[in-house]
Structures are given as C-alpha cells and as structure tokens.
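This is start_12.txt (compact mmCIF, C-alpha atoms).
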```txt
# COMPACT_ATOMS: atom_id res chain seq x y z
CA MET A 933 -14.55 16.21 6.48
CA THR A 934 -14.63 14.85 2.97
CA ASP A 935 -11.40 14.01 1.27
CA THR A 936 -11.05 16.43 -1.63
CA ARG A 937 -7.70 15.15 -2.76
CA LEU A 938 -7.11 14.06 -6.34
CA ARG A 939 -7.60 10.38 -7.03
CA LEU A 940 -4.71 8.65 -8.75
CA THR A 941 -5.06 5.47 -10.75
CA ILE A 942 -1.81 3.82 -11.75
CA LEU A 943 -1.88 1.69 -14.85
CA GLY A 944 1.17 -0.51 -15.07
CA GLY A 945 2.28 -3.70 -16.74
CA TYR A 946 5.19 -5.16 -18.56
CA LEU A 947 6.40 -4.01 -21.97
CA GLY A 948 3.78 -4.71 -24.61
CA SER A 949 1.19 -5.94 -22.15
CA GLY A 950 -1.54 -3.69 -23.56
CA LYS A 951 -1.49 -0.72 -21.19
CA THR A 952 -1.98 1.95 -23.83
CA THR A 953 -4.69 -0.02 -25.64
CA ARG A 954 -6.58 -0.42 -22.40
CA LEU A 955 -6.13 3.22 -21.42
CA ARG A 956 -7.29 4.48 -24.81
CA HIS A 957 -10.39 2.30 -24.68
CA GLN A 958 -11.23 3.26 -21.11
CA LEU A 959 -10.87 6.96 -21.94
CA HIS A 960 -13.02 6.50 -25.02
CA VAL A 961 -15.89 5.00 -23.02
CA GLY A 962 -15.38 7.55 -20.22
CA ALA A 963 -14.60 4.97 -17.54
CA PHE A 964 -12.50 7.45 -15.57
CA GLY A 965 -15.16 10.17 -15.45
CA PRO A 966 -15.20 13.51 -17.24
CA ARG A 967 -12.42 15.40 -15.46
CA VAL A 968 -9.35 13.29 -15.80
CA HIS A 969 -5.76 14.16 -16.57
CA VAL A 970 -3.60 11.53 -18.19
CA VAL A 971 0.12 11.22 -17.48
CA VAL A 972 1.98 8.88 -19.79
CA ASN A 973 5.51 7.78 -19.13
CA GLU A 974 7.61 6.23 -21.83
CA ALA A 975 10.97 4.72 -21.00
CA ALA A 976 12.06 5.27 -24.59
CA GLU A 977 11.21 8.51 -26.33
CA VAL A 978 8.04 8.19 -28.37
CA PRO A 979 5.93 11.01 -29.85
CA ALA A 980 2.72 11.82 -27.98
CA ASP A 981 -0.34 10.06 -29.23
CA ASP A 982 -3.12 12.53 -29.97
CA ALA A 983 -5.72 9.78 -30.02
CA LEU A 984 -5.27 9.56 -26.26
CA LEU A 985 -6.48 13.09 -25.75
CA THR A 986 -10.06 12.34 -26.67
CA GLY A 987 -11.89 11.84 -23.42
CA ALA A 988 -9.20 13.37 -21.22
CA GLU A 989 -8.99 16.93 -19.95
CA GLY A 990 -5.27 17.10 -20.40
CA MET A 991 -2.26 14.98 -21.02
CA THR A 992 1.34 15.07 -19.89
CA LEU A 993 4.01 13.01 -21.58
CA LEU A 994 7.06 12.13 -19.54
CA ALA A 995 9.75 10.89 -21.85
CA GLY A 996 12.75 11.41 -19.61
CA GLY A 997 13.17 7.83 -18.48
CA CYS A 998 11.23 5.42 -16.32
CA CYS A 999 9.33 7.33 -13.66
CA CYS A 1000 9.99 4.81 -10.87
CA CYS A 1001 13.74 5.39 -11.06
CA THR A 1002 15.60 7.76 -13.43
CA GLY A 1003 12.55 9.86 -14.30
CA ARG A 1004 11.21 10.12 -10.76
CA ALA A 1005 12.05 13.81 -10.33
CA GLU A 1006 10.28 14.60 -13.59
CA LEU A 1007 7.18 12.67 -12.48
CA ILE A 1008 7.05 14.48 -9.14
CA ALA A 1009 7.46 17.85 -10.84
CA ALA A 1010 4.69 17.04 -13.34
CA LEU A 1011 2.29 15.90 -10.62
CA ARG A 1012 3.07 18.97 -8.53
CA ALA A 1013 2.30 21.19 -11.53
CA ILE A 1014 -1.06 19.45 -11.99
CA CYS A 1015 -1.91 19.81 -8.28
CA ASP A 1016 -0.85 23.45 -8.37
CA ALA A 1017 -3.09 24.23 -11.34
CA ARG A 1018 -5.99 22.45 -9.64
CA SER A 1019 -5.51 24.33 -6.39
CA ARG A 1020 -6.14 27.60 -8.26
CA VAL A 1021 -9.69 26.51 -9.01
CA ALA A 1022 -12.30 26.96 -6.27
CA ALA A 1023 -13.23 23.72 -4.54
CA ASP A 1024 -16.89 24.02 -5.52
CA ALA A 1025 -16.18 24.77 -9.20
CA PRO A 1026 -15.78 21.88 -11.63
CA ARG A 1027 -12.16 20.90 -11.42
CA LEU A 1028 -9.86 17.99 -12.02
CA GLU A 1029 -10.89 14.89 -10.11
CA ARG A 1030 -8.57 12.17 -11.25
CA ILE A 1031 -5.14 11.47 -12.63
CA VAL A 1032 -4.43 8.33 -14.59
CA LEU A 1033 -0.74 7.49 -14.75
CA GLU A 1034 0.33 5.05 -17.39
CA THR A 1035 3.75 3.84 -16.36
CA SER A 1036 6.46 2.61 -18.64
CA GLY A 1037 6.71 -1.14 -19.07
CA LEU A 1038 9.82 -1.18 -16.91
CA ALA A 1039 8.33 0.60 -13.92
CA ASP A 1040 7.60 -0.91 -10.53
CA PRO A 1041 4.23 0.57 -9.48
CA GLY A 1042 5.18 0.07 -5.83
CA ALA A 1043 8.12 2.44 -6.21
CA ILE A 1044 5.85 5.08 -7.75
CA VAL A 1045 3.32 4.85 -4.91
CA GLN A 1046 6.22 5.20 -2.50
CA ALA A 1047 7.60 8.25 -4.33
CA ILE A 1048 4.22 9.98 -4.19
CA GLN A 1049 3.49 9.15 -0.58
CA THR A 1050 6.86 10.35 0.64
CA ASP A 1051 6.63 13.65 -1.20
CA SER A 1052 5.69 16.34 1.29
CA VAL A 1053 3.54 18.25 -1.21
CA LEU A 1054 1.88 15.43 -3.11
CA ILE A 1055 0.75 13.59 0.02
CA HIS A 1056 -1.61 16.51 0.70
CA HIS A 1057 -3.02 16.51 -2.82
CA ILE A 1058 -3.11 12.96 -4.12
CA VAL A 1059 -4.67 9.73 -2.90
CA THR A 1060 -3.52 6.63 -4.71
CA GLU A 1061 -6.77 4.88 -5.33
CA ARG A 1062 -5.96 1.87 -7.40
CA THR A 1063 -3.06 0.12 -9.06
CA ILE A 1064 -4.09 -1.71 -12.18
CA VAL A 1065 -1.59 -3.97 -13.86
CA ALA A 1066 -2.04 -5.31 -17.39
CA VAL A 1067 -0.90 -8.88 -17.85
CA ASP A 1068 -0.15 -10.23 -21.30
CA SER A 1069 -1.96 -13.60 -21.38
CA LEU A 1070 0.40 -14.97 -24.01
CA HIS A 1071 3.76 -14.12 -22.49
CA ALA A 1072 3.21 -13.43 -18.81
CA LEU A 1073 4.15 -16.93 -17.59
CA ALA A 1074 7.47 -16.78 -19.41
CA HIS A 1075 8.15 -13.32 -17.97
CA LEU A 1076 7.13 -14.36 -14.46
CA ALA A 1077 9.57 -17.24 -14.61
CA THR A 1078 12.55 -15.04 -15.42
CA GLU A 1079 11.88 -11.41 -14.55
CA PRO A 1080 11.95 -10.20 -10.93
CA LEU A 1081 10.37 -6.92 -12.12
CA ARG A 1082 7.38 -8.76 -13.57
CA ARG A 1083 6.79 -10.40 -10.18
CA ARG A 1084 7.07 -7.06 -8.39
CA GLN A 1085 4.51 -5.57 -10.76
CA THR A 1086 2.13 -8.45 -10.04
CA GLY A 1087 2.63 -8.09 -6.31
CA ALA A 1088 1.88 -4.36 -6.38
CA ALA A 1089 -1.45 -4.71 -8.21
CA ASP A 1090 -4.95 -4.20 -6.81
CA HIS A 1091 -6.43 -5.33 -10.06
CA LEU A 1092 -4.95 -7.47 -12.80
CA ILE A 1093 -6.21 -7.29 -16.37
CA LEU A 1094 -5.50 -10.28 -18.58
CA THR A 1095 -5.05 -8.81 -22.03
CA LYS A 1096 -5.17 -10.67 -25.35
CA SER A 1097 -7.09 -13.42 -23.58
CA ASP A 1098 -8.90 -14.35 -26.81
CA ALA A 1099 -5.64 -15.44 -28.41
CA CYS A 1100 -4.72 -17.64 -25.47
CA ASP A 1101 -5.47 -21.32 -25.04
CA PRO A 1102 -8.08 -21.75 -22.23
CA ALA A 1103 -5.93 -24.24 -20.30
CA ALA A 1104 -2.93 -21.89 -20.46
CA LEU A 1105 -5.15 -19.02 -19.33
CA ASP A 1106 -6.33 -21.04 -16.32
CA LEU A 1107 -2.73 -21.87 -15.46
CA LEU A 1108 -1.82 -18.18 -15.64
CA ARG A 1109 -4.80 -17.23 -13.46
CA ALA A 1110 -3.85 -19.79 -10.83
CA THR A 1111 -0.25 -18.58 -10.89
CA LEU A 1112 -1.27 -14.94 -10.52
CA GLY A 1113 -3.59 -15.96 -7.69
CA ALA A 1114 -0.67 -17.60 -5.89
CA LEU A 1115 1.53 -14.52 -6.36
CA ASN A 1116 -1.09 -11.95 -5.38
CA GLY A 1117 -4.19 -13.50 -3.88
CA HIS A 1118 -5.86 -10.20 -3.10
CA ALA A 1119 -5.92 -8.65 -6.55
CA THR A 1120 -9.12 -8.94 -8.55
CA LEU A 1121 -8.90 -10.30 -12.07
CA SER A 1122 -10.60 -9.35 -15.30
CA ALA A 1123 -9.91 -9.85 -18.98
CA ALA A 1124 -9.75 -7.47 -21.90
CA VAL A 1125 -9.48 -7.92 -25.63
CA ARG A 1126 -8.25 -4.89 -27.59
CA GLY A 1127 -8.94 -2.77 -24.55
CA ASP A 1128 -12.56 -3.86 -24.19
CA THR A 1129 -13.55 -5.81 -21.08
CA VAL A 1130 -14.64 -9.38 -21.78
CA ALA A 1131 -16.12 -11.89 -19.36
CA LEU A 1132 -13.75 -14.46 -17.85
CA PRO A 1133 -15.01 -18.03 -17.78
CA PRO A 1134 -15.04 -19.56 -14.28
CA LEU A 1135 -11.64 -20.91 -13.30
CA ALA A 1136 -11.44 -24.69 -13.66
CA PRO A 1137 -11.37 -26.18 -10.15
CA ASP A 1138 -8.06 -27.46 -8.77
CA THR A 1139 -5.86 -25.72 -11.34
CA ALA A 1140 -2.41 -25.78 -9.79
CA PRO A 1141 -0.23 -22.68 -10.17
CA ALA A 1142 2.83 -23.05 -12.39
CA PRO A 1143 6.00 -23.65 -10.38
CA LEU A 1144 8.10 -20.50 -10.52
CA PRO A 1145 11.84 -20.84 -10.13
CA ALA A 1146 13.58 -18.74 -7.50
CA LEU A 1147 15.30 -15.83 -9.22
CA ALA A 1148 18.93 -14.97 -8.69
CA GLU A 1149 18.04 -11.54 -7.35
CA GLU A 1150 15.70 -13.06 -4.80
CA ASP A 1151 17.71 -16.07 -3.65
CA ARG A 1152 19.28 -14.38 -0.68
CA ARG A 1153 16.13 -14.11 1.41
CA GLY A 1154 14.09 -16.87 -0.18
CA PRO A 1155 11.21 -16.58 -2.63
CA ILE A 1156 8.38 -14.10 -2.20
CA GLN A 1157 5.41 -15.98 -0.85
CA PRO A 1158 1.92 -15.04 0.29
CA THR A 1159 0.81 -15.78 3.86
CA GLN A 1160 -2.75 -15.42 5.06
CA LEU A 1161 -3.44 -14.44 8.60
CA ALA A 1162 -6.84 -14.75 10.21
CA ILE A 1163 -7.66 -11.78 12.41
CA PRO A 1164 -9.38 -12.80 15.64
CA ALA A 1165 -12.86 -11.43 16.28
CA GLY A 1166 -12.96 -8.37 18.48
CA LEU A 1167 -9.49 -7.29 17.41
CA ASP A 1168 -7.82 -4.59 19.50
CA TRP A 1169 -7.09 -2.12 16.69
CA SER A 1170 -4.51 -0.20 18.77
CA ALA A 1171 -2.52 -3.34 19.53
CA PHE A 1172 -2.78 -4.37 15.90
CA THR A 1173 -1.45 -1.02 14.64
CA LEU A 1174 1.41 -1.24 17.13
CA TRP A 1175 2.32 -4.64 15.81
CA LEU A 1176 1.95 -3.81 12.12
CA SER A 1177 3.84 -0.53 12.36
CA ALA A 1178 6.69 -2.27 14.20
CA LEU A 1179 6.65 -5.09 11.67
CA LEU A 1180 6.78 -2.67 8.74
CA HIS A 1181 9.57 -0.75 10.41
CA ALA A 1182 11.66 -3.88 10.90
CA ARG A 1183 10.65 -5.87 7.83
CA GLY A 1184 9.20 -3.33 5.42
CA ASP A 1185 11.77 -4.03 2.73
CA ASP A 1186 10.85 -7.73 2.77
CA LEU A 1187 7.09 -7.23 2.87
CA VAL A 1188 6.18 -6.40 -0.70
CA ARG A 1189 2.54 -6.00 0.14
CA VAL A 1190 0.08 -6.34 3.01
CA LYS A 1191 -3.59 -6.16 2.24
CA GLY A 1192 -6.78 -6.98 4.07
CA VAL A 1193 -10.00 -5.81 5.64
CA VAL A 1194 -10.08 -5.19 9.39
CA ARG A 1195 -13.09 -4.39 11.55
CA THR A 1196 -12.56 -1.38 13.80
CA PRO A 1197 -14.81 0.87 15.90
CA ALA A 1198 -14.87 3.26 12.91
CA GLY A 1199 -16.12 0.61 10.49
CA ARG A 1200 -14.54 -1.85 8.13
CA LEU A 1201 -11.16 -0.60 7.05
CA LEU A 1202 -9.41 -1.62 3.87
CA LEU A 1203 -5.78 -1.70 4.83
CA GLN A 1204 -3.01 -1.89 2.29
CA THR A 1205 0.70 -1.29 2.31
CA VAL A 1206 3.44 -1.21 -0.27
CA ARG A 1207 6.79 -1.95 1.34
CA LYS A 1208 7.14 0.42 4.33
CA LEU A 1209 4.25 2.66 3.35
CA VAL A 1210 0.66 2.33 4.41
CA GLN A 1211 -2.00 3.97 2.28
CA SER A 1212 -4.61 5.89 4.23
CA PRO A 1213 -7.10 3.19 5.17
CA GLU A 1214 -10.35 3.42 3.31
CA ILE A 1215 -13.60 2.93 5.20
CA LEU A 1216 -15.68 0.38 3.34
CA PRO A 1217 -19.46 0.32 3.13
CA LYS A 1218 -21.21 -1.98 5.62
CA GLN A 1219 -21.33 -5.16 3.57
CA THR A 1220 -19.76 -6.05 0.29
CA ARG A 1221 -19.58 -9.67 -0.59
CA GLU A 1222 -16.54 -9.60 -2.84
CA ARG A 1223 -13.97 -9.39 -0.07
CA ALA A 1224 -13.53 -11.67 2.86
CA ASP A 1225 -13.25 -9.84 6.16
CA ASP A 1226 -10.80 -10.31 8.98
CA ARG A 1227 -8.19 -11.89 6.82
CA ILE A 1228 -4.92 -10.24 5.94
CA VAL A 1229 -2.57 -11.30 3.20
CA PHE A 1230 1.15 -10.73 3.63
CA ILE A 1231 3.26 -11.04 0.51
CA GLY A 1232 6.92 -11.11 1.33
CA ARG A 1233 9.98 -13.13 2.22
CA GLY A 1234 12.73 -13.52 4.74
CA TYR A 1235 10.58 -14.80 7.61
CA ARG A 1236 8.87 -18.01 8.64
CA PRO A 1237 5.17 -17.68 7.75
CA ASP A 1238 4.06 -19.11 11.13
CA ASP A 1239 5.98 -16.44 13.00
CA LEU A 1240 3.67 -13.71 11.74
CA GLY A 1241 0.63 -15.19 13.47
CA ARG A 1242 2.44 -16.04 16.69
CA SER A 1243 4.04 -12.64 16.90
CA LEU A 1244 0.68 -10.92 16.32
CA HIS A 1245 -0.92 -12.97 19.09
CA ARG A 1246 1.85 -11.95 21.48
CA PHE A 1247 1.10 -8.29 20.74
CA LEU A 1248 -2.66 -8.78 21.02
CA GLY A 1249 -2.14 -10.46 24.40
CA LEU A 1250 -0.24 -7.50 25.87
CA VAL A 1251 -1.51 -6.07 29.11
CA PRO A 1252 -1.63 -2.27 28.91
CA LEU A 1253 0.60 -0.53 31.44
CA ASN A 1254 -0.58 2.59 33.20
CA PRO A 1255 1.73 5.51 32.34
CA ASP A 1256 1.98 6.31 36.06
CA GLU A 1257 3.84 3.07 36.65
CA ARG A 1258 6.80 4.44 34.75
CA SER A 1259 9.07 4.75 37.76
CA SER A 1260 8.41 1.25 39.11
CA ALA A 1261 10.12 -0.58 36.23
CA MET B 869 -1.40 21.85 9.19
CA CYS B 870 -0.48 24.42 11.88
CA ASN B 871 1.41 27.38 10.44
CA ALA B 872 3.59 27.77 13.47
CA CYS B 873 4.68 24.23 14.26
CA GLY B 874 3.93 22.30 11.07
CA ASN B 875 1.91 19.68 12.92
CA PRO B 876 0.57 17.35 11.58
CA ALA B 877 3.08 17.03 8.78
CA ALA B 878 0.81 14.69 6.80
CA PRO B 879 -2.93 14.18 6.96
CA GLY B 880 -4.05 11.48 9.43
CA HIS B 881 -1.56 8.72 10.08
CA TRP B 882 -3.03 5.33 9.20
CA THR B 883 -2.77 4.04 12.77
CA GLU B 884 -5.32 6.65 13.84
CA ALA B 885 -7.94 5.48 11.36
CA GLY B 886 -9.68 3.03 13.66
CA ALA B 887 -11.63 5.66 15.61
CA ALA B 888 -14.45 7.75 14.14
CA THR B 889 -15.58 10.07 16.95
CA PRO B 890 -13.39 12.45 18.98
CA GLY B 891 -14.14 10.42 22.12
CA ASP B 892 -13.05 7.21 20.45
CA ARG B 893 -9.91 8.90 19.18
CA LEU B 894 -8.96 10.10 22.65
CA ARG B 895 -9.65 6.70 24.20
CA ALA B 896 -7.63 5.03 21.45
CA ARG B 897 -4.66 7.33 22.10
CA PHE B 898 -4.60 6.55 25.82
CA HIS B 899 -5.00 2.86 25.19
CA ARG B 900 -2.31 2.87 22.55
CA ALA B 901 0.12 4.66 24.84
CA ALA B 902 -0.49 2.09 27.58
CA LEU B 903 0.14 -0.76 25.14
CA LEU B 904 3.22 0.93 23.76
CA GLN B 905 4.46 1.27 27.31
CA ALA B 906 4.12 -2.50 27.70
CA VAL B 907 5.99 -3.15 24.43
CA LEU B 908 8.85 -0.77 25.16
CA ARG B 909 9.37 -1.66 28.84
CA PRO B 910 11.57 -4.72 28.06
CA TYR B 911 13.82 -2.41 26.03
CA GLY B 912 14.27 -0.09 28.97
CA LEU B 913 12.08 2.61 27.49
CA THR B 914 8.94 4.44 28.53
CA ALA B 915 6.14 5.80 26.39
CA HIS B 916 3.69 8.53 27.23
CA ASP B 917 0.91 10.20 25.30
CA GLY B 918 -0.83 12.76 27.45
CA VAL B 919 -2.74 14.24 24.48
CA VAL B 920 -1.79 17.78 25.61
CA VAL B 921 1.46 17.67 23.68
CA PRO B 922 1.04 16.56 20.05
CA GLY B 923 2.80 13.30 19.39
CA ILE B 924 4.07 10.43 21.49
CA GLN B 925 6.82 10.91 24.06
CA ILE B 926 9.47 8.22 24.26
CA GLY B 927 11.99 8.20 27.06
CA THR B 928 14.75 6.12 28.53
CA LEU B 929 14.83 5.18 32.20
CA ALA B 930 17.90 7.43 32.44
CA GLY B 931 15.77 10.42 31.53
CA ALA B 932 16.40 11.08 27.84
CA GLN B 933 13.14 12.12 26.18
CA SER B 934 12.02 12.64 22.65
CA ILE B 935 8.74 13.36 20.90
CA VAL B 936 7.68 11.59 17.72
CA GLN B 937 4.71 12.33 15.47
CA ASP B 938 3.13 8.92 15.12
CA LEU B 939 3.59 5.17 15.43
CA GLY B 940 5.48 5.12 12.14
CA GLU B 941 8.29 7.09 13.76
CA VAL B 942 8.17 5.48 17.19
CA TRP B 943 10.20 2.43 16.28
CA ALA B 944 13.16 4.18 14.69
CA GLU B 945 13.38 6.54 17.66
CA ALA B 946 13.01 3.69 20.15
CA GLU B 947 15.83 1.83 18.43
CA ARG B 948 18.00 4.92 18.58
CA LEU B 949 17.32 5.50 22.28
CA SER B 950 17.70 1.88 23.35
CA GLY B 951 20.52 0.99 20.98
CA GLN B 952 18.92 -2.29 19.94
CA ALA B 953 16.80 -3.40 17.02
CA ILE B 954 13.09 -3.84 17.64
CA ASP B 955 11.61 -6.55 15.45
CA PRO B 956 8.25 -8.27 16.12
CA LEU B 957 9.63 -11.38 14.43
CA ASP B 958 12.56 -11.44 16.86
CA PRO B 959 12.57 -14.90 18.50
CA ARG B 960 11.67 -13.26 21.82
CA TYR B 961 8.13 -12.70 20.49
CA PRO B 962 7.04 -15.72 18.40
CA ASP B 963 8.86 -18.36 20.47
CA ASP B 964 7.36 -17.70 23.89
```
Would you mind writing the file's structure down as structure tokens?
Amino acid sequence: MTDTRLRLTILGGYLGSGKTTRLRHQLHVGAFGPRVHVVVNEAAEVPADDALLTGAEGMTLLAGGCCCCTGRAELIAALRAICDARSRVAADAPRLERIVLETSGLADPGAIVQAIQTDSVLIHHIVTERTIVAVDSLHALAHLATEPLRRRQTGAADHLILTKSDACDPAALDLLRATLGALNGHATLSAAVRGDTVALPPLAPDTAPAPLPALAEEDRRGPIQPTQLAIPAGLDWSAFTLWLSALLHARGDDLVRVKGVVRTPAGRLLLQTVRKLVQSPEILPKQTRERADDRIVFIGRGYRPDDLGRSLHRFLGLVPLNPDERSSA
Amino acid sequence: MCNACGNPAAPGHWTEAGAATPGDRLRARFHRAALLQAVLRPYGLTAHDGVVVPGIQIGTLAGAQSIVQDLGEVWAEAERLSGQAIDPLDPRYPDD
C-alpha cells in the first residue's frame, strides 16, 4: 500500500531569519513541485504577499496569532479544510501533493508537529516530511545564548539553512556551524543568500562550539545536551521499541528529539521523535552514504547520558517469557 | 479503520514498522508480547497478545484486565494498574 497522504514541510526559524525570502525563492524555482499549497502564519497581522502565490496552487494566511500556541485551533481548521478539499478529488486525478507551512518567528516547530500528529483527522491525511529551520548567520549565536525558543527551534530541525551567510565573517560562520552541530548533530546544514542556495565551504577542523550559558527556564533539569548511542548489530527491534516507547512515556517531556537509523527485518528505518511523539518511520533505500547507520542521537536533559545505554542493554538482554507461564509468577 | 469498532484509530503505530511481511508481523507481535511479559512481571502485571483480539491485553495478578491499542498506550495503562511509575531510567534498570 502506498502512502497517499499529503506531505507537509514545515519552514521555521526565528524572527527575521529569512524564512519568507527562502520560501519565495524555493517556490519561484519550483523546488516543492507543481501542486503545493502554502500556509503562512504571521504572529503579527501583516497583509498577504501576492508575490508568494506565483508557483503555488493556493495560499492560506493565518494571522490569528502564533500557530504553535494561540493560533493552533486556526491552523488545525485550515489544514482540515485543505485536506477536505483534496479528498473530494479522485486519487488518480492530479491533486494537491504537498503543504508548505511557514511558521511565525515565535513558533516552536516541535509543538506544531505534535498538534498535527495528535489531531484525529489530520493524522490520516498528513505526513510531516521535513522540518526546515532558517538560521540567521549574523544573529543566531546571540539568540542561542539568550533565547530558549531559539534552542528549541534548532533542536526540532531536520535541516538548518544558514541565511545571509555572505555577510558573515567566515570564522564566525564556522563557530556558528560547530555550535549548531553540538545542539542538533543530526540536522543537515546548507547556506542560502537571498533565498538562493550557495555552497558552504568545508568546516575548519577542530572548531569548538561556542559555550552556551544555561538558561533560566532550563536550569531546573540541567541543560539540553545531545547523547549518541551506538545500536548493537543484530538489534532485536521488538525489544528496542519496548524500551523506546517506555522511555518516551516516562521521559518524553525531557527528550526534545530522538533521531537515528535502525536496521530492522523490514529494511533501514529512519526513526525520529519530537517529545512524546514518534513520526511514522520511513523506510530508507538500501544504501545512502550521508547518514551513519545504527547510531541514535538523543537530545534532551534530566538524565545521566550513560544511563540511556545501560538501560537499553538491560532491555535488549531480556529473556522473553512464554504467555502460558502467567500463573507461575 | 473499521466502521464498527474504530480500530485502528491511527494508521500503523511506529512500533509495528519493523516487519514487512504478514508472517514477520505476526512473529513480531508474539515476540513483543513475550518480552513485554518479562518487563511487566516485576511490576506484578501480565501481558498477552493472542492476535485474535486487536491490541495488547494487560492484566494484574489479581485478575483485572484491560486492552490497549499499541505500545504507546501500554505504559500509561500499566502504571495505572500497578500503581507505580515505570521508567527505563529508574535505577533498577541501569544500575544492575
């Protein structure tokens, strides 16, 4: 069975990080394909930009507040309306294939993914494919040092775009790249100038990430830190899912993001979670060289990093019990 | 989704993604139930997935039973039935 659900790309980033510029350019060159609907959310009321419409099949402007919090109901209603309209078109006729959601600069993309995945209608219609976060090369380090939201946005990204990279000093750009790598090691990086993709020079070796102060909001459970866990060869997928689902149940609010590639009998699975939610795992083609296999990154806080590995090994070492032994406990 | 019972409520839970063929899926369900049984035993709970009934059956040794859809729901229900928190980072797991 092929998945005919709508693909959703979330484009986020802090205020003034270049989201709209990037979106407009990408629509202009047709990067999202021909049948795309654009949803733009503005935290402050701003008139719709007609220039955006070129290259998109339709556009919805949500001006009723940030769609990860106060405007969430409006976002859900708008997405439901789009799905409803699409469902009236036969599956084999040309119909909408993709939604691009440009969030407001104050939105946490993780909260939006969560809102969509917990909606009983949208979960049947929409697959969140990618979260792209624009990062302002000039100001991002200053924001990361002071804004918890800016760190959450970075943590939620699958792909980070360094905007305005031409105006940035190369050493400062390297420092920013190393810092972003420390905050979210699994996101891919690219650069864009005025919306157009430009090549990134190779990162200078041994660039140390900038030290980020612990933020008041985060002090209570310690700073958010990434932990890498090697997955043993011949992993028992069932035991692993037991462990991860229990971990997310108990610690989901502390685990900002879990991402990695796991080998299973069905193929290589790209596994990713945002807080307590797991996106439907995507089966990857046989070999791609860009991702390392059997390695999972946990980004979170409130636990000792070593405990993750030891706890997983305890679960993987479990001896299955026959259900018939129930009475002999 | 089934019109009468509303099952499954959402398309394919992520924990079921590791098996491609129906045979693999069935084997994975039995294996998972046996592992779950081993995890829940110390909490005084039993787990059973006979495949006939949709979902996973969780029970206490005193006889209370409940059915949950998937692994995502197992833990909340197990905590409710056993009255204690289940946390893989609980010292009882990493420290052994």
(request) Find the distance between atom CA of Thr1129 of chain A and atom CA of Ser1097 of chain A and write it in Å to one decimal. (result)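 Going from atom CA of Thr1129 of chain A over to atom CA of Ser1097 of chain A, I get 10.3 Å.
Among the candidates A:Pro1213, A:Pro1041, A:Pro1143, A:Gly1249, the one nearest to Ala1198 of chain A when counting all atoms listed in the file is A:Pro1213.
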(message) Can you work out which residues from chain A touch chain B at a cut-off of 6 Å (counting only C-alpha atoms) and hand them back as a VMD selection string?
(response) chain A and resid 1170 1173 1177 1179 1182 1196 to 1198 1212 1239 1242 to 1243 1252 to 1254
(request) Could you check which of A:Ala1114, A:Ala1047, A:Ile1055, A:Ala1146 is closest to Ala1077 of chain A, using all atoms listed in the file? (result) A:Ala1146
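Between atom CA of Asp1090 of chain A and atom CA of Leu1076 of chain A there is a distance of 17.5 Å.
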(request) Rank nothing, just name the residue among B:Tyr911, B:Ala930, B:Ile924, B:Gln937 nearest to Gly874 of chain B, using all atoms listed in the file. (result) B:Gln937
(request) Mind giving me the straight-line distance from atom CA of Lys1096 of chain A to atom CA of Val1125 of chain A in Å, one decimal? (result)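 Result for atom CA of Lys1096 of chain A versus atom CA of Val1125 of chain A: 5.1 Å, one decimal.
Residues with any atom within 8 Å of segment 1226-1229 of chain A, counting all atoms listed in the file and excluding same-chain neighbours fewer than 3 positions away, are Gly1117, His1118, Pro1158, Thr1159, Gln1160, Leu1161, Ala1162, Ile1163, Pro1164, Ala1165, Arg1189, Val1190, Lys1191, Gly1192, Val1193, Val1194 and Arg1195 of chain A.
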(request) Write out as number ranges by chain the residues lying within 12 Å of Pro1133 of chain A, counting all atoms listed in the file and excluding same-chain residues fewer than 5 positions away. (result) A: 1097-1098, 1102-1103, 1105-1106, 1109, 1121-1123
Using the selection just defined, write its residues with C-alpha atoms as a JSON list (two decimals), in the coordinates of the input.
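Produced file result_31.json, reproduced below:
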```
[["chain", "number", "residue", "atom", "x", "y", "z"],
["A", 1097, "SER", "CA", -7.09, -13.42, -23.58],
["A", 1098, "ASP", "CA", -8.90, -14.35, -26.81],
["A", 1102, "PRO", "CA", -8.08, -21.75, -22.23],
["A", 1103, "ALA", "CA", -5.93, -24.24, -20.30],
["A", 1105, "LEU", "CA", -5.15, -19.02, -19.33],
["A", 1106, "ASP", "CA", -6.33, -21.04, -16.32],
["A", 1109, "ARG", "CA", -4.80, -17.23, -13.46],
["A", 1121, "LEU", "CA", -8.90, -10.30, -12.07],
["A", 1122, "SER", "CA", -10.60, -9.35, -15.30],
["A", 1123, "ALA", "CA", -9.91, -9.85, -18.98]]
```
Adding 6 Å on each side of the box along x, y and z that holds all listed atoms of segment 1034-1049 of chain A, could you give its centre and edge lengths in Å to one decimal, as AutoDock Vina command-line options?
```
--center_x 5.1 --center_y 4.4 --center_z -9.8 --size_x 21.5 --size_y 23.2 --size_z 30.5
```
(message) I'd like to know which of A:Val1059, A:Cys1000, A:Leu1011, A:Val1065 is closest to Leu938 of chain A, using only C-alpha atoms.
(response) A:Val1059
